[in-house]
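Shown next: upload-v7.tsv, containing TSV, C-alpha atoms.
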```tsv
chain	number	residue	atom	x	y	z
A	127	MET	CA	-7.22	9.45	17.44
A	128	LEU	CA	-4.97	7.94	14.72
A	129	ILE	CA	-3.62	11.38	13.86
A	130	ASN	CA	-0.07	10.03	13.41
A	131	PHE	CA	-1.41	7.31	11.11
A	132	PHE	CA	-3.18	9.96	9.01
A	133	TYR	CA	-0.06	12.14	8.80
A	134	GLY	CA	2.00	9.07	7.86
A	135	LEU	CA	-0.27	8.50	4.88
A	136	LYS	CA	0.04	12.15	3.89
A	137	GLN	CA	3.84	11.91	4.09
A	138	ALA	CA	3.66	8.91	1.75
A	139	LYS	CA	1.95	11.28	-0.74
A	140	LEU	CA	-1.38	9.50	-0.57
A	141	PRO	CA	-4.43	11.63	-1.48
A	142	VAL	CA	-6.28	11.24	1.81
A	143	SER	CA	-8.52	13.96	3.24
A	144	ILE	CA	-9.77	14.97	6.67
A	145	LYS	CA	-13.30	13.97	5.62
A	146	GLU	CA	-12.15	10.42	4.85
A	147	HIS	CA	-10.28	10.26	8.14
A	148	LEU	CA	-13.46	11.26	10.02
A	149	ILE	CA	-15.42	8.59	8.14
A	150	LEU	CA	-12.82	6.03	9.26
A	151	LEU	CA	-13.26	7.12	12.88
A	152	GLU	CA	-17.05	6.83	12.53
A	153	ALA	CA	-16.64	3.29	11.17
A	154	LEU	CA	-14.42	2.36	14.12
A	155	ASP	CA	-16.92	3.91	16.52
A	156	ALA	CA	-19.59	1.69	14.94
A	157	GLY	CA	-17.51	-1.38	15.78
A	158	LEU	CA	-16.08	-2.07	12.32
A	159	GLY	CA	-12.48	-3.28	12.12
A	160	PHE	CA	-12.21	-3.44	15.90
A	161	GLY	CA	-9.88	-5.87	17.66
A	162	SER	CA	-7.96	-7.01	14.57
A	163	VAL	CA	-5.15	-5.17	12.79
A	164	ASP	CA	-5.92	-7.11	9.60
A	165	ASP	CA	-9.56	-5.99	9.74
A	166	PHE	CA	-8.47	-2.42	10.44
A	167	TYR	CA	-6.12	-2.59	7.44
A	168	LEU	CA	-8.95	-3.62	5.09
A	169	LEU	CA	-11.34	-1.08	6.59
A	170	SER	CA	-8.90	1.83	6.42
A	171	ARG	CA	-7.83	1.00	2.85
A	172	THR	CA	-11.48	0.82	1.75
A	173	VAL	CA	-12.36	4.15	3.36
A	174	LEU	CA	-9.22	6.13	2.60
A	175	ILE	CA	-8.00	4.92	-0.80
A	176	LYS	CA	-10.14	5.50	-3.87
A	177	ASP	CA	-7.74	4.43	-6.64
A	178	GLU	CA	-6.08	1.01	-6.77
A	179	LYS	CA	-2.84	2.50	-8.08
A	180	TYR	CA	-2.27	3.81	-4.52
A	181	PHE	CA	-2.82	0.41	-2.83
A	182	ASP	CA	0.86	-0.51	-2.79
A	183	ARG	CA	1.89	2.87	-1.43
A	184	PHE	CA	-0.77	2.49	1.27
A	185	ASP	CA	0.57	-0.98	2.17
A	186	LYS	CA	4.07	0.42	2.66
A	187	ALA	CA	2.82	3.35	4.75
A	188	PHE	CA	0.61	1.06	6.83
A	189	SER	CA	3.52	-1.30	7.45
A	190	ALA	CA	5.83	1.56	8.42
A	191	TYR	CA	3.29	2.89	10.93
A	192	PHE	CA	2.51	-0.41	12.62
A	193	ASP	CA	6.13	-1.57	12.60
A	194	GLY	CA	6.76	1.54	14.64
A	195	LEU	CA	4.34	0.17	17.22
A	196	ALA	CA	6.41	-3.00	17.70
A	197	SER	CA	6.93	-2.10	21.35
A	198	ILE	CA	3.19	-2.05	22.06
A	199	GLU	CA	3.68	-4.95	24.50
A	200	ASP	CA	5.68	-2.62	26.73
A	201	ILE	CA	2.82	-0.11	26.68
A	202	ILE	CA	0.24	-2.79	27.45
A	203	ASP	CA	2.34	-4.04	30.39
A	204	THR	CA	2.18	-0.61	31.97
A	205	ILE	CA	-1.56	-0.19	31.40
A	206	ILE	CA	-3.16	-3.63	31.71
A	207	PRO	CA	-2.39	-5.98	34.65
A	208	ASP	CA	-0.91	-9.39	33.80
A	209	ASP	CA	-3.68	-11.16	35.67
A	210	TRP	CA	-6.34	-9.50	33.51
A	211	VAL	CA	-4.52	-10.44	30.30
A	212	LYS	CA	-4.13	-14.07	31.43
A	213	SER	CA	-7.75	-14.37	32.51
A	214	GLU	CA	-8.99	-12.95	29.23
A	215	PHE	CA	-6.67	-15.31	27.34
A	216	LEU	CA	-7.99	-18.31	29.24
A	217	LYS	CA	-11.57	-17.31	28.45
A	218	SER	CA	-10.85	-17.85	24.75
A	219	LEU	CA	-9.71	-21.46	25.27
A	220	THR	CA	-11.80	-24.60	25.17
A	221	GLU	CA	-11.79	-26.99	28.10
A	222	GLU	CA	-9.62	-29.39	26.11
A	223	GLU	CA	-7.06	-26.65	25.41
A	224	LYS	CA	-7.03	-25.63	29.07
A	225	ASN	CA	-6.37	-29.24	30.09
A	226	LYS	CA	-3.49	-29.48	27.63
A	227	ILE	CA	-1.92	-26.31	29.02
A	228	GLU	CA	-2.28	-27.70	32.54
A	229	SER	CA	-0.42	-30.83	31.36
A	230	LEU	CA	2.65	-28.60	30.94
A	231	GLY	CA	2.28	-27.16	34.41
A	232	GLY	CA	-0.07	-24.26	33.67
A	233	LEU	CA	0.19	-21.01	31.70
A	234	GLU	CA	2.82	-19.50	34.02
A	235	LYS	CA	5.01	-22.59	33.65
A	236	LEU	CA	4.63	-22.50	29.85
A	237	ILE	CA	5.75	-18.84	29.71
A	238	GLU	CA	8.62	-19.45	32.14
A	239	THR	CA	9.89	-22.44	30.13
A	240	PHE	CA	9.62	-20.44	26.91
A	241	LYS	CA	11.82	-17.65	28.33
A	242	GLN	CA	14.35	-20.19	29.60
A	243	ARG	CA	14.59	-21.94	26.21
A	244	LEU	CA	14.97	-18.60	24.48
A	245	GLU	CA	17.99	-17.77	26.68
A	246	GLU	CA	19.58	-21.22	26.28
A	247	GLN	CA	19.16	-21.62	22.52
A	248	GLN	CA	22.08	-20.28	20.49
A	249	LYS	CA	21.16	-21.13	16.90
A	250	LYS	CA	18.29	-21.62	14.48
A	251	HIS	CA	16.40	-24.88	14.90
A	252	LYS	CA	14.04	-26.74	12.57
A	253	GLY	CA	11.97	-29.78	13.57
A	254	GLY	CA	12.24	-31.65	16.84
A	255	SER	CA	10.31	-31.46	20.08
A	256	LYS	CA	12.31	-29.23	22.41
A	257	TRP	CA	13.97	-26.12	20.98
A	258	ILE	CA	12.30	-23.01	19.61
A	259	GLY	CA	12.13	-23.33	15.84
A	260	THR	CA	10.00	-24.23	12.86
A	261	GLY	CA	8.15	-27.30	11.70
A	262	GLY	CA	8.50	-29.35	14.86
A	263	THR	CA	6.38	-30.43	17.82
A	264	SER	CA	7.97	-28.18	20.42
A	265	PRO	CA	5.47	-25.97	22.29
A	266	PHE	CA	7.45	-22.98	21.02
A	267	GLY	CA	8.11	-21.84	17.46
A	268	ASN	CA	6.43	-21.47	14.11
A	269	ASP	CA	4.78	-23.79	11.57
A	270	GLY	CA	4.72	-26.65	14.06
A	271	TYR	CA	1.95	-28.84	15.42
A	272	HIS	CA	2.10	-28.71	19.22
A	273	PRO	CA	-1.44	-27.97	20.57
A	274	GLU	CA	-0.29	-25.91	23.56
A	275	GLY	CA	2.31	-23.87	21.71
A	276	ILE	CA	3.53	-20.29	21.69
A	277	ARG	CA	4.11	-18.99	18.19
A	278	VAL	CA	7.44	-17.23	17.57
A	279	GLY	CA	7.62	-15.04	14.44
A	280	GLY	CA	6.96	-16.01	10.86
A	281	LYS	CA	3.69	-16.72	9.11
A	282	SER	CA	1.97	-19.83	10.31
A	283	ARG	CA	0.64	-22.36	7.84
A	284	ASN	CA	-1.86	-23.60	10.40
A	285	LYS	CA	-3.37	-20.27	11.49
A	286	LYS	CA	-4.87	-17.40	9.55
A	287	ALA	CA	-3.04	-14.53	11.29
A	288	VAL	CA	-1.12	-12.99	8.40
A	289	LYS	CA	0.18	-9.45	7.87
A	290	VAL	CA	-1.79	-8.96	4.69
A	291	TRP	CA	-0.37	-5.49	4.06
A	292	GLU	CA	3.15	-6.94	3.76
A	293	LYS	CA	2.10	-9.12	0.84
A	294	ARG	CA	1.90	-5.97	-1.32
A	295	GLN	CA	-0.27	-7.63	-3.94
A	296	PHE	CA	-0.80	-4.37	-5.82
A	297	LYS	CA	2.80	-3.22	-6.23
A	298	ASN	CA	2.68	-3.48	-10.02
A	299	LEU	CA	-0.19	-0.96	-10.08
A	300	ASP	CA	1.69	1.82	-8.29
A	301	ASP	CA	2.30	4.82	-10.55
A	302	SER	CA	5.59	5.52	-8.74
A	303	VAL	CA	7.23	2.21	-9.70
A	304	GLU	CA	8.94	1.19	-12.93
A	305	LEU	CA	6.89	0.76	-16.06
A	306	GLY	CA	5.48	-2.60	-17.06
A	307	THR	CA	3.20	-3.73	-19.88
A	308	ARG	CA	0.30	-4.28	-17.48
A	309	ASN	CA	0.28	-0.86	-15.85
A	310	ILE	CA	0.91	0.86	-19.20
A	311	LYS	CA	-2.21	-0.87	-20.51
A	312	MET	CA	-4.20	0.32	-17.50
A	313	ALA	CA	-3.08	3.90	-18.15
A	314	LEU	CA	-3.81	3.74	-21.89
A	315	ARG	CA	-7.33	2.41	-21.29
A	316	LYS	CA	-8.31	5.87	-20.09
A	317	LEU	CA	-7.99	7.01	-23.71
A	318	ARG	CA	-10.64	4.55	-24.89
A	319	LYS	CA	-13.57	5.92	-26.84
A	320	PHE	CA	-15.93	3.16	-27.90
A	321	ALA	CA	-18.05	3.15	-31.04
A	322	ARG	CA	-20.00	0.50	-32.93
A	323	THR	CA	-18.53	-0.10	-36.37
A	324	GLY	CA	-18.65	-2.86	-38.98
A	325	ALA	CA	-21.21	-5.58	-39.64
A	326	ALA	CA	-24.14	-6.08	-37.28
A	327	ASP	CA	-23.04	-9.37	-35.72
A	328	GLU	CA	-23.67	-8.81	-31.99
A	329	LEU	CA	-27.01	-9.43	-30.28
A	330	ASP	CA	-28.71	-6.30	-28.95
A	331	LEU	CA	-30.52	-7.90	-26.03
A	332	SER	CA	-32.50	-4.87	-24.81
A	333	ASP	CA	-33.71	-3.94	-28.30
A	334	THR	CA	-34.59	-7.59	-29.02
A	335	ILE	CA	-36.76	-7.79	-25.89
A	336	SER	CA	-38.45	-4.46	-26.66
A	337	SER	CA	-39.11	-5.38	-30.31
A	338	THR	CA	-40.41	-8.83	-29.37
A	339	ALA	CA	-42.86	-7.29	-26.89
A	340	LYS	CA	-44.07	-4.83	-29.52
A	341	ASN	CA	-44.43	-7.72	-31.96
A	342	ALA	CA	-47.07	-9.49	-29.82
A	343	GLY	CA	-44.52	-11.91	-28.39
A	344	LEU	CA	-43.11	-13.09	-31.72
A	345	LEU	CA	-39.35	-13.18	-31.55
A	346	ASP	CA	-37.78	-10.18	-33.29
A	347	ILE	CA	-33.98	-10.43	-33.07
A	348	LYS	CA	-32.01	-7.21	-33.32
A	349	MET	CA	-28.29	-7.12	-34.05
A	350	VAL	CA	-25.74	-4.33	-33.70
A	351	PRO	CA	-22.09	-3.93	-34.74
A	352	GLU	CA	-19.48	-4.89	-32.16
A	353	ARG	CA	-18.10	-2.11	-29.98
A	354	HIS	CA	-14.50	-1.17	-30.71
A	355	ASN	CA	-12.10	1.37	-29.35
A	356	ALA	CA	-12.51	4.15	-31.90
A	357	VAL	CA	-9.41	6.10	-30.87
A	358	LYS	CA	-6.83	6.28	-33.68
A	359	VAL	CA	-3.12	6.56	-32.88
A	360	LEU	CA	0.02	7.34	-34.88
A	361	LEU	CA	3.08	6.18	-32.93
A	362	PHE	CA	6.63	7.29	-33.77
A	363	PHE	CA	9.61	5.66	-32.03
A	364	ASP	CA	13.13	7.09	-31.93
A	365	VAL	CA	15.61	4.24	-32.48
A	366	GLY	CA	19.37	3.84	-32.17
A	367	GLY	CA	22.11	5.80	-30.44
A	368	SER	CA	21.08	7.36	-27.14
A	369	MET	CA	17.77	5.45	-27.20
A	370	ASP	CA	19.46	2.04	-26.80
A	371	PRO	CA	19.12	2.04	-22.96
A	372	TYR	CA	15.35	2.52	-23.33
A	373	VAL	CA	14.64	-0.35	-25.74
A	374	SER	CA	12.86	-2.54	-23.16
A	375	ILE	CA	10.63	0.36	-21.99
A	376	CYS	CA	9.68	1.18	-25.58
A	377	GLU	CA	8.92	-2.50	-26.26
A	378	GLU	CA	6.55	-2.54	-23.29
A	379	LEU	CA	4.84	0.63	-24.47
A	380	PHE	CA	4.54	-0.71	-28.03
A	381	SER	CA	3.08	-4.01	-26.79
A	382	ALA	CA	0.53	-2.18	-24.63
A	383	CYS	CA	-0.49	0.13	-27.49
A	384	ARG	CA	-0.98	-2.74	-29.92
A	385	SER	CA	-3.20	-4.46	-27.37
A	386	GLU	CA	-5.31	-1.41	-26.54
A	387	PHE	CA	-5.79	0.35	-29.89
A	388	LYS	CA	-7.41	-1.22	-32.93
A	389	HIS	CA	-6.53	1.75	-35.12
A	390	LEU	CA	-2.76	1.98	-34.60
A	391	GLU	CA	-0.04	2.85	-37.08
A	392	TYR	CA	3.61	3.00	-36.08
A	393	PHE	CA	6.83	4.28	-37.62
A	394	TYR	CA	10.46	4.75	-36.64
A	395	PHE	CA	12.80	7.74	-36.86
A	396	HIS	CA	16.24	8.68	-35.57
A	397	ASN	CA	16.78	11.65	-33.25
A	398	PHE	CA	14.21	13.93	-34.90
A	399	ILE	CA	11.49	13.86	-37.54
A	400	TYR	CA	12.44	14.73	-41.14
A	401	GLU	CA	10.96	14.03	-44.57
A	402	ASN	CA	11.08	10.22	-44.21
A	403	VAL	CA	10.26	7.58	-41.59
A	404	TRP	CA	10.26	3.78	-41.83
A	405	LYS	CA	8.44	0.65	-40.63
A	406	ASN	CA	11.32	-1.85	-40.75
A	407	ASN	CA	14.60	-0.93	-39.10
A	408	ALA	CA	16.49	-3.52	-41.15
A	409	ARG	CA	15.41	-1.69	-44.32
A	410	ARG	CA	15.45	1.86	-43.06
A	411	THR	CA	17.40	3.12	-46.07
A	412	THR	CA	15.50	1.24	-48.79
A	413	GLU	CA	11.85	1.14	-47.64
A	414	MET	CA	11.04	4.60	-46.32
A	415	THR	CA	7.67	6.29	-45.95
A	416	PRO	CA	7.58	9.98	-46.92
A	417	MET	CA	6.25	12.22	-44.17
A	418	MET	CA	4.20	14.08	-46.77
A	419	ASP	CA	2.29	10.84	-47.44
A	420	ILE	CA	1.51	10.50	-43.73
A	421	LEU	CA	0.26	14.09	-43.56
A	422	HIS	CA	-2.16	13.40	-46.43
A	423	LYS	CA	-3.18	9.80	-45.65
A	424	TYR	CA	-4.29	10.00	-42.00
A	425	SER	CA	-7.15	12.14	-40.76
A	426	LYS	CA	-6.58	14.98	-38.36
A	427	ASP	CA	-8.32	13.16	-35.48
A	428	TYR	CA	-5.41	10.72	-35.18
A	429	ARG	CA	-3.53	11.17	-31.89
A	430	VAL	CA	0.17	11.50	-32.72
A	431	ILE	CA	2.62	10.23	-30.09
A	432	PHE	CA	6.40	10.58	-30.40
A	433	VAL	CA	8.63	8.48	-28.14
A	434	GLY	CA	12.26	9.56	-27.78
A	435	ASP	CA	14.80	11.22	-25.53
A	436	ALA	CA	14.91	14.39	-27.71
A	437	SER	CA	18.61	14.64	-26.83
A	438	MET	CA	20.78	15.83	-29.73
A	439	SER	CA	22.58	18.87	-31.07
A	440	PRO	CA	20.19	21.80	-31.58
A	441	TYR	CA	21.20	22.13	-35.23
A	442	GLU	CA	19.68	18.67	-35.89
A	443	ILE	CA	16.30	20.29	-35.22
A	444	LEU	CA	16.77	23.83	-36.48
A	445	SER	CA	19.06	23.60	-39.51
A	446	PRO	CA	18.75	22.23	-43.05
A	447	TYR	CA	21.14	19.28	-43.50
A	448	GLY	CA	21.09	18.82	-39.73
A	449	SER	CA	20.36	15.10	-39.82
A	450	VAL	CA	23.31	12.91	-38.81
A	451	GLU	CA	22.20	10.25	-41.32
A	452	TYR	CA	21.61	12.11	-44.60
A	453	MET	CA	21.33	15.57	-46.13
A	454	ASN	CA	17.85	16.82	-45.28
A	455	GLU	CA	16.90	19.90	-47.26
A	456	GLU	CA	14.35	21.15	-44.74
A	457	PRO	CA	14.91	21.41	-40.97
A	458	GLY	CA	13.19	19.00	-38.59
A	459	ALA	CA	11.46	21.92	-36.84
A	460	LEU	CA	9.57	22.69	-40.07
A	461	TRP	CA	8.31	19.10	-40.32
A	462	MET	CA	7.17	19.16	-36.72
A	463	GLU	CA	5.26	22.39	-37.38
A	464	ARG	CA	3.55	20.71	-40.33
A	465	LEU	CA	2.57	17.80	-38.09
A	466	THR	CA	1.12	20.05	-35.37
A	467	ASP	CA	-0.77	22.05	-38.01
A	468	THR	CA	-2.24	18.90	-39.58
A	469	PHE	CA	-3.22	16.82	-36.54
A	470	ASN	CA	-5.33	17.99	-33.62
A	471	LYS	CA	-3.19	16.43	-30.88
A	472	VAL	CA	0.59	15.82	-31.04
A	473	VAL	CA	2.57	14.83	-27.94
A	474	TRP	CA	6.01	13.53	-27.02
A	475	LEU	CA	6.89	10.89	-24.39
A	476	ASN	CA	10.42	11.23	-23.05
A	477	PRO	CA	12.09	8.31	-21.17
A	478	THR	CA	14.83	10.48	-19.64
A	479	ARG	CA	14.45	11.79	-16.09
A	480	PHE	CA	12.26	14.87	-15.91
A	481	SER	CA	14.74	16.57	-13.57
A	482	ALA	CA	17.38	16.45	-16.35
A	483	TRP	CA	15.25	18.06	-19.06
A	484	GLU	CA	16.22	21.64	-18.23
A	485	TYR	CA	19.89	20.85	-18.86
A	486	THR	CA	19.36	19.69	-22.47
A	487	GLN	CA	18.78	22.46	-25.01
A	488	SER	CA	17.24	20.18	-27.65
A	489	ILE	CA	14.58	19.01	-25.18
A	490	ASP	CA	13.62	22.62	-24.49
A	491	ILE	CA	13.38	23.32	-28.26
A	492	THR	CA	11.21	20.23	-28.83
A	493	ARG	CA	8.90	21.14	-25.95
A	494	LYS	CA	8.33	24.60	-27.43
A	495	LEU	CA	7.58	23.13	-30.86
A	496	LEU	CA	4.97	20.89	-29.21
A	497	LYS	CA	3.50	23.75	-27.13
A	498	ASP	CA	4.85	22.08	-23.97
A	499	HIS	CA	3.07	18.77	-24.60
A	500	MET	CA	6.06	16.64	-23.67
A	501	TYR	CA	5.57	14.14	-20.86
A	502	PRO	CA	7.91	11.80	-18.98
A	503	LEU	CA	7.62	8.12	-19.92
A	504	THR	CA	6.27	7.08	-16.53
A	505	ILE	CA	2.80	5.97	-15.48
A	506	ASP	CA	2.11	9.44	-14.10
A	507	GLY	CA	3.43	11.01	-17.31
A	508	ILE	CA	1.23	8.74	-19.45
A	509	ASP	CA	-1.74	9.72	-17.27
A	510	GLN	CA	-1.04	13.41	-17.92
A	511	MET	CA	-0.70	12.73	-21.65
A	512	ILE	CA	-3.98	10.78	-21.73
A	513	LYS	CA	-5.81	13.66	-20.03
A	514	TYR	CA	-4.65	16.01	-22.78
A	515	LEU	CA	-5.37	13.59	-25.63
A	516	SER	CA	-8.84	12.87	-24.24
A	517	LYS	CA	-9.99	16.49	-24.33
```
Go ahead and express the file in the form of structure tokens.
Amino acid sequence: MLINFFYGLKQAKLPVSIKEHLILLEALDAGLGFGSVDDFYLLSRTVLIKDEKYFDRFDKAFSAYFDGLASIEDIIDTIIPDDWVKSEFLKSLTEEEKNKIESLGGLEKLIETFKQRLEEQQKKHKGGSKWIGTGGTSPFGNDGYHPEGIRVGGKSRNKKAVKVWEKRQFKNLDDSVELGTRNIKMALRKLRKFARTGAADELDLSDTISSTAKNAGLLDIKMVPERHNAVKVLLFFDVGGSMDPYVSICEELFSACRSEFKHLEYFYFHNFIYENVWKNNARRTTEMTPMMDILHKYSKDYRVIFVGDASMSPYEILSPYGSVEYMNEEPGALWMERLTDTFNKVVWLNPTRFSAWEYTQSIDITRKLLKDHMYPLTIDGIDQMIKYLSK
């Protein structure tokens, strides 16, 4: 049962298992989610999907599967007699509703008239009391107000039958879609490591209660420092040239990092790291920060993250005077080695397509300098980077 549905989810690259599928079948056998596709959607998503980043992918797979069952009416016609369907339908109506249907000549007459109107009508219709359309008082259509009507397509404002899976409310959480500040933040939160630092200005409720009890009921207030994200980050952005197409992505990443990390320092560079970086691009030639100062100022537990396409001539990394901006006496590769020797964790986020990396020699050189800790600038790539930085 539901084997094709299960395989459809697997084809959509959703991490569903046989065990979860069996649990879903047990839930259906217990009467949960029975008789309503919307209820089955909520039940199956709850049982099968354990991470909200897969919700949107599940919605698309669910829609694809049930859209493929659009001809279910044909199957029902061959299995269930019309008389049985009509009798069961009539059982769900109140006496008032039955009387209103009889005022149109009965259920058979209503269906016959509906088919006739459908054949006669040649264009879209809105309002009115005869043709099939929207917003009117005809017995046929959508969003209208006729009490004995047949709904035709659309999403009714007056009923609750809605294809909830087509709303796709979680599409901005999917790790296969484009980056956005919100889902970058969600990925970066996995790097959080909380510690209590600073002045004791937050009430410690549990300790206050315990101390008050020990103090014969006399109030003994205990305070603790506020919890902060203790992770410290050094962020280096490549700017200019081939990085221009990735400005908006880098802005989103920068915004997310500033929101998530209290201890964040950022600098800019061009193409590769040399003896100087800068904080203000408008003054990049007059207000530079020596890399040697950074190596000595920040502790080794800072996580160092480079953001750039790493696409350049190999000599810009390997040769003295390789910089395209000035005459650097020491090669960029030497400065990168100093960085990896000084800090515990150094990584590189690359906005170019992962499939193109093998065709760019400078990317391969950079990856080797970083002991293969280069990750694509995607949600999945950030997740992989966070796993490494969290170790």
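Atom pair atom CA of A:Asp182 / atom CA of A:Thr504: separated by 16.6 Å.
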Write out as a list in words the residues lying within 6 Å of stretch 158-174 of chain A, counting only C-alpha atoms and excluding same-chain residues fewer than 4 positions away.
-> Val142, Glu146, Ala153 and Leu154 of chain A
Quick one: residues within 8 Å of stretch 447-461 of chain A, all atoms listed in the file counted, chain neighbours fewer than 5 positions away excluded, as a PyMOL selection string?
-> chain A and resi 398-401+441-442+495
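For the set A:Tyr372, A:Asn402, A:Arg410, A:Leu360, the residue with the smallest atom-to-atom gap to A:Leu390 is A:Leu360, counting only C-alpha atoms.
In this model, the gap between atom CA of A:Glu386 and atom CA of A:Tyr428 comes to 14.9 Å.
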Polymer residues at most 10 Å from stretch 138-140 of chain A, only C-alpha atoms, same-chain spacing of 2 or more positions, as a PDB file with C-alpha atoms, in the coordinates of the input:
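Here's the written file selection08.pdb:
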```pdb
ATOM      1  CA  PHE A 132      -3.180   9.960   9.010  1.00  0.00           C
ATOM      2  CA  TYR A 133      -0.060  12.140   8.800  1.00  0.00           C
ATOM      3  CA  GLY A 134       2.000   9.070   7.860  1.00  0.00           C
ATOM      4  CA  LEU A 135      -0.270   8.500   4.880  1.00  0.00           C
ATOM      5  CA  LYS A 136       0.040  12.150   3.890  1.00  0.00           C
ATOM      6  CA  VAL A 142      -6.280  11.240   1.810  1.00  0.00           C
ATOM      7  CA  SER A 143      -8.520  13.960   3.240  1.00  0.00           C
ATOM      8  CA  LEU A 174      -9.220   6.130   2.600  1.00  0.00           C
ATOM      9  CA  ILE A 175      -8.000   4.920  -0.800  1.00  0.00           C
ATOM     10  CA  TYR A 180      -2.270   3.810  -4.520  1.00  0.00           C
ATOM     11  CA  PHE A 181      -2.820   0.410  -2.830  1.00  0.00           C
ATOM     12  CA  ARG A 183       1.890   2.870  -1.430  1.00  0.00           C
ATOM     13  CA  PHE A 184      -0.770   2.490   1.270  1.00  0.00           C
ATOM     14  CA  LYS A 186       4.070   0.420   2.660  1.00  0.00           C
ATOM     15  CA  ALA A 187       2.820   3.350   4.750  1.00  0.00           C
ATOM     16  CA  PHE A 188       0.610   1.060   6.830  1.00  0.00           C
TER      17      PHE A 188
END
```
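Rounded to one decimal, atom CA of A:His147 and atom CA of A:Ala190 lie 18.3 Å from each other.
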Produce a table with one row for each residue of stretch 408-449 of chain A that has an atom at most 12 Å from any atom of stretch 469-487 of chain A, each row naming the nearest atom pair and its distance in Å at one decimal; use all atoms listed in the file; arrange rows by chain and rising residue number; format as a tab-separated table.
```
residue	atom	partner	partner_atom	distance
A:Ile420	CA	A:Phe469	CA	10.7
A:Leu421	CA	A:Phe469	CA	8.3
A:His422	CA	A:Phe469	CA	10.5
A:Lys423	CA	A:Phe469	CA	11.5
A:Tyr424	CA	A:Phe469	CA	8.8
A:Ser425	CA	A:Phe469	CA	7.4
A:Lys426	CA	A:Phe469	CA	4.2
A:Asp427	CA	A:Asn470	CA	6.0
A:Tyr428	CA	A:Phe469	CA	6.6
A:Arg429	CA	A:Lys471	CA	5.4
A:Val430	CA	A:Val472	CA	4.7
A:Ile431	CA	A:Val473	CA	5.1
A:Phe432	CA	A:Trp474	CA	4.5
A:Val433	CA	A:Leu475	CA	4.8
A:Gly434	CA	A:Asn476	CA	5.3
A:Asp435	CA	A:Asn476	CA	5.0
A:Ala436	CA	A:Asn476	CA	7.2
A:Ser437	CA	A:Thr486	CA	6.7
A:Met438	CA	A:Thr486	CA	8.3
A:Ser439	CA	A:Gln487	CA	8.0
A:Pro440	CA	A:Gln487	CA	6.8
A:Tyr441	CA	A:Gln487	CA	10.5
A:Glu442	CA	A:Gln487	CA	11.6
A:Ile443	CA	A:Gln487	CA	10.7
A:Leu444	CA	A:Gln487	CA	11.7
```
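Closest approach to A:Val357 among A:Val403, A:Leu465, A:Ile512, A:Leu344 is made by A:Ile512 (distances from only C-alpha atoms).
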Given only C-alpha atoms as the counted atoms, nearest of A:Ile144, A:Asn397, A:Thr411, A:Lys517 to A:Met369 | A:Asn397
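Each of A:Leu515, A:Ala342, A:Met414, A:Leu503 was checked against A:Cys376 using only C-alpha atoms; the smallest atom-to-atom distance is that of A:Leu503.
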